[in-house]
Amino acid sequence: MKKAIALVLAMLFVLAGISALAESGKLTLATNVNFPPYEFYDDETGEPTGIDIEIAKAICDKIGYDLEVVDIDFGSIIPALVAGKYDFSAAGMTVTEERKQSVQFTDTYATGIQAVIVPADVEAADINALLEAKGGHMNIGVQESTTGDIYISDDFEAAGTAEVKRFKNGADAVLALTAGQVDCVVIDNEPAKAFVAKNEGLRLLDTAYTVEDYAMAFPKDSPVFEQFNAALGELMADGTLQAIVEKYIPAE
Ligand code: ARG
């Protein structure tokens with residue numbers, strides 16, 4: 001009997017959750033906007049746009065929600081989702097086992113790999129050669145709490161071969177590179193390409209890091225996760241997603 005009452009109560013809470021969302025008719029997306037071409041501020045409108053924003057918008061249109069985009073620090077996204085502050089995140093976010101402890105991920109909709117941005121006159125072929133050229137110690141810029149931060153902290157900082165400078169966003173890290181405050185910046189390849197295209201005197205090195213899967217993140221108790229993920233699957237199947245990606249990343 002107690003169990004039955006508990007069950008009914010639990011169902012009421014779930015229903016209340018769903019209707020609260022449905023009544024507001026809006027899903028709030030938390031992201032960190034300086035990450036082109038996935039999310040960046042449109043030069044003309046000043047509004048956040050990019051691959052993630054457009055995919056999220058297409059899904060929301062399909063399942064009948066308005067979309068609101070909130071720009072916060074990348075490292076605050078998962079704690080904020082866990083605290084129930086926002087409905088989901090689309091942030092070029094890499095699926096990791098550690099993050100899966102806190103949030104649930106949709107199907108993968110893109111991949112990324114860490115790249116190294118250096119001043120164009122650097123001759124080194126990869127990050128290890130760069131380290132050697134710098135005499136065995138260098139300053140590396142990363143975006144705080146990203147996989148680039150995690151890898152570089154593990155592989156270089158822990159070994160005592162680098163000081164890691166952590167920035168709130170990729171653009172700030174690149175600014176520090178052009179100002180000579182760091183020797184390189186490690187960040188996902190598409191933003192890396194975009195930053196190199198926007199700033200003169202920079203070039204890219206490849207890294208040996210593995211390919212990362214991007215997915216959107218939801219609180220574990222999200223009432224819209226299943227519906228959202230199903231819509232994402234349909235947009236992947238009907239080519240909508242590919243069309244959005246190709247708008248920002250022309251096929252080579
Ligand atoms: N893929 C990397 C990660 O998940 C970086 C993502 C940064 N995204 C952003 N919108 N700033 O850690």
# chains A, B, ... in the order shown; residues from 1 in each chain; ligands from 1
>>> select_by_dssp(residues="region 24-162 of chain A", states="strand (DSSP E)", output="ChimeraX atom specification")
/A:26-31,40-41,48-49,66-71,88-89,103-105,110-112,114-119,138-143,162
>>> residues_around(residues="Ile72 (chain A)", least_positions_apart="3", cutoff="9 Å", atoms="only C-alpha atoms", output="list in words")
Ala30, Thr31, Asn32, Val33, Gly75, Ser76 and Ile77 of chain A
>>> residues_around(residues="region 185-188 of chain A", least_positions_apart="2", cutoff="7 Å", atoms="only C-alpha atoms", output="ChimeraX atom specification")
/A:112-118,140-142,148,173-174,177,190-192
>>> write_last_selection(atoms="C-alpha atoms", output="CSV table (one decimal), in the first residue's frame")
chain,number,residue,atom,x,y,z
A,112,GLY,CA,36.0,16.6,-33.0
A,113,ILE,CA,39.7,16.2,-32.4
A,114,GLN,CA,42.1,18.3,-30.4
A,115,ALA,CA,44.3,20.6,-32.5
A,116,VAL,CA,47.2,22.8,-31.6
A,117,ILE,CA,47.3,26.4,-32.7
A,118,VAL,CA,50.8,28.0,-32.9
A,140,ILE,CA,49.9,26.0,-23.1
A,141,GLY,CA,46.6,27.8,-23.4
A,142,VAL,CA,43.3,25.9,-23.1
A,148,GLY,CA,41.8,19.9,-24.2
A,173,ALA,CA,43.1,31.8,-25.3
A,174,VAL,CA,43.9,32.7,-28.9
A,177,LEU,CA,48.7,33.4,-28.1
A,190,GLU,CA,36.8,23.2,-36.0
A,191,PRO,CA,37.1,26.2,-33.6
A,192,ALA,CA,40.9,26.0,-34.1
>>> residues_near_ligand(ligand="ligand 1", cutoff="8 Å", atoms="only C-alpha atoms and all ligand atoms", output="ChimeraX atom specification")
/A:31-35,38-39,73-74,90-95,112-113,143,145-149,169-170,187-188,212,214
>>> select_by_dssp(residues="region 178-231 of chain A", states="helix (DSSP H, G or I)", output="list in words")
Thr178, Asn189, Glu190, Pro191, Ala192, Lys193, Ala194, Phe195, Val196, Ala197, Lys198, Phe225, Glu226, Gln227, Phe228, Asn229, Ala230 and Ala231 of chain A
>>> closest_residue(among="A:Pro48, A:Ile78, A:Tyr109, A:Val69", to="Glu234 (chain A)", atoms="only C-alpha atoms")
A:Tyr109
>>> atom_distance(atom1="CA of Gly25 (chain A)", atom2="CA of Tyr65 (chain A)")
5.2 Å
>>> residues_around(residues="region 238-252 of chain A", least_positions_apart="6", cutoff="8 Å", atoms="only C-alpha atoms", output="ChimeraX atom specification")
/A:37,50-51,54-55
>>> write_last_selection(atoms="C-alpha atoms", output="PDB file, in the first residue's frame")
ATOM      1  CA  PRO A  37      31.323  27.202 -35.935  1.00  0.00           C
ATOM      2  CA  GLY A  50      26.074  28.191 -35.309  1.00  0.00           C
ATOM      3  CA  ILE A  51      25.712  24.453 -35.843  1.00  0.00           C
ATOM      4  CA  GLU A  54      20.568  25.604 -35.482  1.00  0.00           C
ATOM      5  CA  ILE A  55      20.282  21.884 -34.758  1.00  0.00           C
TER       6      ILE A  55
END
>>> closest_residue(among="A:Asp213, A:Glu163, A:Asp154, A:Glu68", to="Thr96 (chain A)", atoms="only C-alpha atoms")
A:Asp213
>>> closest_residue(among="A:Asn139, A:Ser153, A:Ser102, A:Asn189", to="Ala217 (chain A)", atoms="only C-alpha atoms")
A:Ser102
>>> atom_distance(atom1="CA of Met216 (chain A)", atom2="CA of Thr49 (chain A)")
15.9 Å
>>> closest_residue(among="A:Thr111, A:Thr161, A:Gln104, A:Ser89", to="Ile127 (chain A)", atoms="only C-alpha atoms")
A:Thr161
>>> atom_distance(atom1="CA of Val164 (chain A)", atom2="CA of Gly180 (chain A)")
14.3 Å
>>> decode(residues="region 167-209 of chain A", atoms="C-alpha atoms", output="short mmCIF file (atom, residue, chain, number, x, y, z; two decimals), in the first residue's frame")
data_model
loop_
_atom_site.label_atom_id
_atom_site.label_comp_id
_atom_site.auth_asym_id
_atom_site.auth_seq_id
_atom_site.Cartn_x
_atom_site.Cartn_y
_atom_site.Cartn_z
CA PHE A 167 40.83 30.68 -20.24
CA LYS A 168 37.07 31.20 -20.04
CA ASN A 169 36.74 30.74 -23.78
CA GLY A 170 38.76 29.80 -26.83
CA ALA A 171 38.86 33.35 -28.19
CA ASP A 172 40.61 34.58 -25.02
CA ALA A 173 43.14 31.75 -25.28
CA VAL A 174 43.88 32.72 -28.88
CA LEU A 175 44.25 36.36 -27.86
CA ALA A 176 46.88 35.29 -25.32
CA LEU A 177 48.66 33.36 -28.10
CA THR A 178 48.77 36.37 -30.43
CA ALA A 179 50.07 38.44 -27.49
CA GLY A 180 52.87 35.91 -26.94
CA GLN A 181 51.66 34.90 -23.46
CA VAL A 182 51.34 31.22 -24.37
CA ASP A 183 53.33 29.07 -26.81
CA CYS A 184 50.32 27.24 -28.21
CA VAL A 185 46.59 26.76 -27.73
CA VAL A 186 44.98 23.32 -27.63
CA ILE A 187 41.34 23.29 -28.69
CA ASP A 188 38.89 21.31 -30.86
CA ASN A 189 39.79 21.33 -34.56
CA GLU A 190 36.84 23.22 -36.04
CA PRO A 191 37.07 26.17 -33.62
CA ALA A 192 40.85 26.00 -34.12
CA LYS A 193 40.40 26.38 -37.89
CA ALA A 194 37.95 29.24 -37.38
CA PHE A 195 40.33 31.09 -35.03
CA VAL A 196 43.25 30.61 -37.45
CA ALA A 197 41.13 31.96 -40.31
CA LYS A 198 40.15 35.01 -38.25
CA ASN A 199 43.60 35.87 -36.89
CA GLU A 200 46.63 36.45 -39.06
CA GLY A 201 49.95 34.80 -38.28
CA LEU A 202 48.69 31.54 -36.81
CA ARG A 203 48.73 27.95 -38.05
CA LEU A 204 47.64 24.50 -36.95
CA LEU A 205 49.48 21.39 -35.83
CA ASP A 206 47.69 18.06 -35.59
CA THR A 207 47.77 16.09 -32.40
CA ALA A 208 47.73 12.39 -31.77
CA TYR A 209 44.67 12.65 -29.54
#
